[in-house]
Amino acid sequence: MANVPYQMLNNGHKVAAIGLGTWQSKPGEVVTAVSHAIKAGYRHIDCAYAYFNEEEVGKGIKEALDSGCCKREDLFVTTKLWNTYHRRDLVTKSCKVSLEKLGLDYVDLYLMHWPMAYVEDREDFPKGEDDKFIFSSAPNSGTLDTWQGMEECVELKLAKSIGVSNFNSQQIEKILKVAKIKPANLQIEAHPYFNNGRLVKFALDHGLTVTAYSPFGSPTRNWAKPDDPFILEEEKVKKLAEKYGKTPGQLVLRWNIQRGLIVIPKSVTPSRIEQNIEVFDFELSADDMETLNSFHGDDNRSIHLDWVKHHPDFPFSIPF
């Protein structure tokens with residue numbers, strides 16, 4: 001079993017440097033994947049209300065805990081507030097709904113999934129007749145008021161830590177200026193094609209840990225094109241993996257970890273789940289880190305959400 005290191009959050013809690021991501025995991029496969037991951041040594045599980053898999057994640061956690069492999073306090077479970085629940089009075093209610101689905105008394109980390117608020121009291125992905133998303137008209141619903149609701153989740157012991165996902169540097173600064181409870185974590189896209197380096201540095205400099213989602217570039221995203229490049233198929237990556245006696249996936253995960261990031265690769269395949277955690281027994285040289293950095297391009301974001309770029313709180317309208 002891999003010896004996984006931990007990172008300390010700014011509130012004294014700790015999080016394993018690698019976790020199991022569950023975005024886009026097919027229904028019916030999540031329970032087994034989560035249970036197997038925990039039994040294989042994972043102590044960090046990431047999910048979200050909008051992944052519609054919290055119930056399966058909860059069942060997987062219960063199955064693993066019932067096996068006696070670890071205790072609840074050994075695990076770090078993350079879930080996320082969805083865009084239709086940004087109004088302050090809805091935040092704690094939504095967190096409680098997630099906890100009920102997960103079968104847990106608390107989550108270790110509750111994140112604002114996006115800074116963009118959608119209209120409340122409608123379906124989870126509210127659209128008008130023009131097929132465009134309907135946005136909230138509540139003032140500050142994407143940032144400041146919502147953050148006060150997030151703080152209430154900590155005060156009510158529904159969440160041990162709170163943070164943000166997909167926020168840009170200006171949006172993070174807004175929260176830092178008013179927060180009674182500082183965000184402990186920023187979750188963002190980060191892989192060799194799009195290393196998000198400036199935002200990573202900003203967050204780390206301001207005391208937030210950084211979690212990299214889509215560490216392989218999300219090749220299974222619904223809007224991917226058949227000819228889109230895949231980092232694990234790049235010849236330079238394959239050669240470096242061979243040099244270290246590792247898989248291309250392990251190499252790419254190690255690169256992000258050496259950048260100081262937490263990684264949450266998604267898989268439902270037992271052998272791949274086990275491979276992904278075996279990344280702490282080697283270290284990339286400075287030159288090889290630079291080789292992987294060389295793939296970066298500012299326009300290489302995989303999770304671009306261009307269909308909501310007209311939202312006033314769209315986070316990708318500034319460089320970082």
# chains A, B, ... in the order shown; residues from 1 in each chain; ligands from 1
>>> select_by_dssp(residues="stretch 125-265 of chain A", states="helix (DSSP H, G or I)", output="JSON, numbers by chain")
{"A": [144, 145, 146, 147, 148, 149, 150, 151, 152, 153, 154, 155, 169, 170, 171, 172, 173, 174, 175, 176, 177, 178, 197, 198, 199, 200, 201, 202, 203, 204, 205, 231, 232, 233, 235, 236, 237, 238, 239, 240, 241, 242, 243, 244, 248, 249, 250, 251, 252, 253, 254, 255, 256, 257, 258]}
>>> residues_around(residues="A:Val30", least_positions_apart="6", cutoff="10 Å", atoms="only C-alpha atoms", output="list in words")
Thr22, Trp23, Gln24, His36, Asn53, Glu54, Glu55, Glu56, Val57, Gly58, Lys59, Gly60, Ser267 and Val268 of chain A
>>> residues_around(residues="A:Tyr193", least_positions_apart="5", cutoff="6 Å", atoms="only C-alpha atoms", output="number ranges by chain")
A: 295-296, 300
>>> atom_distance(atom1="atom CA of A:Met116", atom2="atom CA of A:Ser161")
20.8 Å
>>> residues_around(residues="A:Lys160", least_positions_apart="4", cutoff="9 Å", atoms="only C-alpha atoms", output="ChimeraX atom specification")
/A:13,106-110,153-155
>>> write_last_selection(atoms="N, CA, C and O atoms", output="PDB file, in the first residue's frame")
ATOM      1  N   HIS A  13      -6.368  21.337   9.541  1.00  0.00           N
ATOM      2  CA  HIS A  13      -6.768  20.020   9.056  1.00  0.00           C
ATOM      3  C   HIS A  13      -5.802  19.572   7.963  1.00  0.00           C
ATOM      4  O   HIS A  13      -5.078  20.388   7.382  1.00  0.00           O
ATOM      5  N   TYR A 106     -20.758  14.949   8.373  1.00  0.00           N
ATOM      6  CA  TYR A 106     -20.019  16.139   7.948  1.00  0.00           C
ATOM      7  C   TYR A 106     -19.181  15.783   6.723  1.00  0.00           C
ATOM      8  O   TYR A 106     -18.906  14.606   6.463  1.00  0.00           O
ATOM      9  N   VAL A 107     -18.810  16.803   5.962  1.00  0.00           N
ATOM     10  CA  VAL A 107     -17.794  16.620   4.937  1.00  0.00           C
ATOM     11  C   VAL A 107     -16.536  17.332   5.411  1.00  0.00           C
ATOM     12  O   VAL A 107     -16.593  18.272   6.205  1.00  0.00           O
ATOM     13  N   ASP A 108     -15.422  16.886   4.927  1.00  0.00           N
ATOM     14  CA  ASP A 108     -14.148  17.502   5.317  1.00  0.00           C
ATOM     15  C   ASP A 108     -13.896  18.797   4.561  1.00  0.00           C
ATOM     16  O   ASP A 108     -13.229  19.700   5.071  1.00  0.00           O
ATOM     17  N   LEU A 109     -14.448  18.883   3.348  1.00  0.00           N
ATOM     18  CA  LEU A 109     -14.274  20.093   2.551  1.00  0.00           C
ATOM     19  C   LEU A 109     -15.527  20.329   1.717  1.00  0.00           C
ATOM     20  O   LEU A 109     -15.994  19.434   1.005  1.00  0.00           O
ATOM     21  N   TYR A 110     -16.071  21.533   1.817  1.00  0.00           N
ATOM     22  CA  TYR A 110     -17.231  21.934   1.028  1.00  0.00           C
ATOM     23  C   TYR A 110     -16.784  23.090   0.137  1.00  0.00           C
ATOM     24  O   TYR A 110     -16.291  24.109   0.629  1.00  0.00           O
ATOM     25  N   CYS A 153     -21.868  26.793   7.246  1.00  0.00           N
ATOM     26  CA  CYS A 153     -21.702  25.335   7.196  1.00  0.00           C
ATOM     27  C   CYS A 153     -20.626  24.871   8.172  1.00  0.00           C
ATOM     28  O   CYS A 153     -20.753  23.812   8.797  1.00  0.00           O
ATOM     29  N   VAL A 154     -19.583  25.673   8.321  1.00  0.00           N
ATOM     30  CA  VAL A 154     -18.530  25.344   9.296  1.00  0.00           C
ATOM     31  C   VAL A 154     -19.050  25.560  10.707  1.00  0.00           C
ATOM     32  O   VAL A 154     -18.849  24.727  11.602  1.00  0.00           O
ATOM     33  N   GLU A 155     -19.728  26.675  10.914  1.00  0.00           N
ATOM     34  CA  GLU A 155     -20.242  26.994  12.247  1.00  0.00           C
ATOM     35  C   GLU A 155     -21.244  25.951  12.735  1.00  0.00           C
ATOM     36  O   GLU A 155     -21.313  25.652  13.933  1.00  0.00           O
TER      37      GLU A 155
END
>>> closest_residue(among="A:Ala184, A:Leu81, A:Ala203, A:Val210", to="A:Thr146", atoms="only C-alpha atoms")
A:Leu81
>>> residues_around(residues="A:Ser165", least_positions_apart="4", cutoff="12 Å", atoms="only C-alpha atoms", output="PDB file with N, CA and C atoms, in the first residue's frame")
ATOM      1  N   ALA A  48     -19.385  15.736  -5.981  1.00  0.00           N
ATOM      2  CA  ALA A  48     -20.102  16.998  -6.065  1.00  0.00           C
ATOM      3  C   ALA A  48     -21.579  16.735  -6.235  1.00  0.00           C
ATOM      4  N   THR A  78     -14.738  15.378   0.025  1.00  0.00           N
ATOM      5  CA  THR A  78     -15.075  16.686  -0.530  1.00  0.00           C
ATOM      6  C   THR A  78     -16.352  16.590  -1.356  1.00  0.00           C
ATOM      7  N   THR A  79     -17.258  17.549  -1.181  1.00  0.00           N
ATOM      8  CA  THR A  79     -18.354  17.718  -2.123  1.00  0.00           C
ATOM      9  C   THR A  79     -18.529  19.211  -2.365  1.00  0.00           C
ATOM     10  N   LYS A  80     -19.487  19.566  -3.249  1.00  0.00           N
ATOM     11  CA  LYS A  80     -19.523  20.938  -3.750  1.00  0.00           C
ATOM     12  C   LYS A  80     -20.942  21.493  -3.837  1.00  0.00           C
ATOM     13  N   LEU A  81     -21.044  22.781  -3.557  1.00  0.00           N
ATOM     14  CA  LEU A  81     -22.291  23.534  -3.664  1.00  0.00           C
ATOM     15  C   LEU A  81     -22.565  23.857  -5.124  1.00  0.00           C
ATOM     16  N   TRP A  82     -23.756  23.519  -5.599  1.00  0.00           N
ATOM     17  CA  TRP A  82     -24.069  23.776  -6.995  1.00  0.00           C
ATOM     18  C   TRP A  82     -24.584  25.196  -7.204  1.00  0.00           C
ATOM     19  N   ASN A  83     -24.578  25.620  -8.477  1.00  0.00           N
ATOM     20  CA  ASN A  83     -24.839  27.001  -8.859  1.00  0.00           C
ATOM     21  C   ASN A  83     -26.252  27.490  -8.548  1.00  0.00           C
ATOM     22  N   LEU A 109     -14.448  18.883   3.348  1.00  0.00           N
ATOM     23  CA  LEU A 109     -14.274  20.093   2.551  1.00  0.00           C
ATOM     24  C   LEU A 109     -15.527  20.329   1.717  1.00  0.00           C
ATOM     25  N   TYR A 110     -16.071  21.533   1.817  1.00  0.00           N
ATOM     26  CA  TYR A 110     -17.231  21.934   1.028  1.00  0.00           C
ATOM     27  C   TYR A 110     -16.784  23.090   0.137  1.00  0.00           C
ATOM     28  N   LEU A 111     -16.920  22.921  -1.158  1.00  0.00           N
ATOM     29  CA  LEU A 111     -16.455  23.908  -2.116  1.00  0.00           C
ATOM     30  C   LEU A 111     -17.613  24.577  -2.835  1.00  0.00           C
ATOM     31  N   MET A 112     -17.458  25.871  -3.136  1.00  0.00           N
ATOM     32  CA  MET A 112     -18.336  26.508  -4.111  1.00  0.00           C
ATOM     33  C   MET A 112     -17.874  26.016  -5.479  1.00  0.00           C
ATOM     34  N   HIS A 113     -18.712  25.247  -6.155  1.00  0.00           N
ATOM     35  CA  HIS A 113     -18.290  24.575  -7.389  1.00  0.00           C
ATOM     36  C   HIS A 113     -17.876  25.580  -8.469  1.00  0.00           C
ATOM     37  N   TRP A 114     -18.643  26.651  -8.605  1.00  0.00           N
ATOM     38  CA  TRP A 114     -18.366  27.726  -9.562  1.00  0.00           C
ATOM     39  C   TRP A 114     -18.769  29.058  -8.933  1.00  0.00           C
ATOM     40  N   PRO A 115     -18.177  30.162  -9.374  1.00  0.00           N
ATOM     41  CA  PRO A 115     -18.601  31.464  -8.861  1.00  0.00           C
ATOM     42  C   PRO A 115     -19.894  31.962  -9.502  1.00  0.00           C
ATOM     43  N   MET A 116     -20.415  31.237 -10.462  1.00  0.00           N
ATOM     44  CA  MET A 116     -21.584  31.673 -11.235  1.00  0.00           C
ATOM     45  C   MET A 116     -22.878  31.132 -10.634  1.00  0.00           C
ATOM     46  N   GLY A 142     -22.999  35.133  -6.321  1.00  0.00           N
ATOM     47  CA  GLY A 142     -21.895  34.299  -6.774  1.00  0.00           C
ATOM     48  C   GLY A 142     -20.697  34.323  -5.858  1.00  0.00           C
ATOM     49  N   THR A 143     -20.647  35.292  -4.961  1.00  0.00           N
ATOM     50  CA  THR A 143     -19.425  35.411  -4.159  1.00  0.00           C
ATOM     51  C   THR A 143     -19.712  35.690  -2.685  1.00  0.00           C
ATOM     52  N   SER A 169      -8.317  34.811  -9.754  1.00  0.00           N
ATOM     53  CA  SER A 169      -7.594  35.482  -8.668  1.00  0.00           C
ATOM     54  C   SER A 169      -8.389  36.655  -8.096  1.00  0.00           C
ATOM     55  N   GLN A 171     -11.658  37.006  -7.969  1.00  0.00           N
ATOM     56  CA  GLN A 171     -12.785  36.491  -7.190  1.00  0.00           C
ATOM     57  C   GLN A 171     -12.320  35.939  -5.846  1.00  0.00           C
ATOM     58  N   ILE A 172     -11.150  35.325  -5.831  1.00  0.00           N
ATOM     59  CA  ILE A 172     -10.586  34.846  -4.565  1.00  0.00           C
ATOM     60  C   ILE A 172     -10.267  36.030  -3.652  1.00  0.00           C
ATOM     61  N   PRO A 183     -10.942  30.713   2.840  1.00  0.00           N
ATOM     62  CA  PRO A 183     -10.985  29.500   2.030  1.00  0.00           C
ATOM     63  C   PRO A 183      -9.711  28.692   2.222  1.00  0.00           C
ATOM     64  N   ALA A 184      -9.870  27.391   2.398  1.00  0.00           N
ATOM     65  CA  ALA A 184      -8.728  26.520   2.669  1.00  0.00           C
ATOM     66  C   ALA A 184      -8.171  25.864   1.415  1.00  0.00           C
ATOM     67  N   ASN A 185      -8.982  25.857   0.341  1.00  0.00           N
ATOM     68  CA  ASN A 185      -8.571  25.121  -0.846  1.00  0.00           C
ATOM     69  C   ASN A 185      -9.170  25.755  -2.095  1.00  0.00           C
ATOM     70  N   LEU A 186      -8.404  25.688  -3.166  1.00  0.00           N
ATOM     71  CA  LEU A 186      -8.874  26.068  -4.495  1.00  0.00           C
ATOM     72  C   LEU A 186      -8.745  24.846  -5.392  1.00  0.00           C
ATOM     73  N   GLN A 187      -9.851  24.450  -6.018  1.00  0.00           N
ATOM     74  CA  GLN A 187      -9.805  23.330  -6.953  1.00  0.00           C
ATOM     75  C   GLN A 187      -9.940  23.879  -8.373  1.00  0.00           C
ATOM     76  N   ILE A 188      -8.960  23.543  -9.225  1.00  0.00           N
ATOM     77  CA  ILE A 188      -8.923  24.075 -10.586  1.00  0.00           C
ATOM     78  C   ILE A 188      -8.379  23.027 -11.550  1.00  0.00           C
ATOM     79  N   GLU A 189      -8.609  23.279 -12.818  1.00  0.00           N
ATOM     80  CA  GLU A 189      -8.026  22.437 -13.860  1.00  0.00           C
ATOM     81  C   GLU A 189      -6.520  22.651 -13.909  1.00  0.00           C
ATOM     82  N   LEU A 199      -2.280  31.123 -11.536  1.00  0.00           N
ATOM     83  CA  LEU A 199      -3.319  30.998 -10.513  1.00  0.00           C
ATOM     84  C   LEU A 199      -2.862  30.080  -9.382  1.00  0.00           C
ATOM     85  N   ALA A 203      -2.714  31.310  -5.478  1.00  0.00           N
ATOM     86  CA  ALA A 203      -3.412  30.614  -4.393  1.00  0.00           C
ATOM     87  C   ALA A 203      -2.440  30.176  -3.305  1.00  0.00           C
ATOM     88  N   LEU A 208      -3.809  29.122   0.343  1.00  0.00           N
ATOM     89  CA  LEU A 208      -4.768  28.087  -0.056  1.00  0.00           C
ATOM     90  C   LEU A 208      -4.006  26.886  -0.616  1.00  0.00           C
ATOM     91  N   THR A 209      -4.412  25.690  -0.242  1.00  0.00           N
ATOM     92  CA  THR A 209      -3.922  24.524  -0.961  1.00  0.00           C
ATOM     93  C   THR A 209      -4.628  24.484  -2.312  1.00  0.00           C
ATOM     94  N   VAL A 210      -4.009  23.791  -3.274  1.00  0.00           N
ATOM     95  CA  VAL A 210      -4.565  23.722  -4.623  1.00  0.00           C
ATOM     96  C   VAL A 210      -4.750  22.273  -5.030  1.00  0.00           C
ATOM     97  N   THR A 211      -5.963  21.954  -5.469  1.00  0.00           N
ATOM     98  CA  THR A 211      -6.272  20.617  -5.977  1.00  0.00           C
ATOM     99  C   THR A 211      -6.434  20.684  -7.489  1.00  0.00           C
ATOM    100  N   ALA A 212      -5.754  19.792  -8.190  1.00  0.00           N
ATOM    101  CA  ALA A 212      -5.818  19.738  -9.645  1.00  0.00           C
ATOM    102  C   ALA A 212      -6.852  18.715 -10.079  1.00  0.00           C
ATOM    103  N   TYR A 213      -7.935  19.216 -10.706  1.00  0.00           N
ATOM    104  CA  TYR A 213      -8.863  18.276 -11.321  1.00  0.00           C
ATOM    105  C   TYR A 213      -8.495  18.090 -12.790  1.00  0.00           C
ATOM    106  N   PRO A 315     -15.574  33.018 -14.696  1.00  0.00           N
ATOM    107  CA  PRO A 315     -14.239  33.170 -14.127  1.00  0.00           C
ATOM    108  C   PRO A 315     -13.080  33.220 -15.119  1.00  0.00           C
TER     109      PRO A 315
END
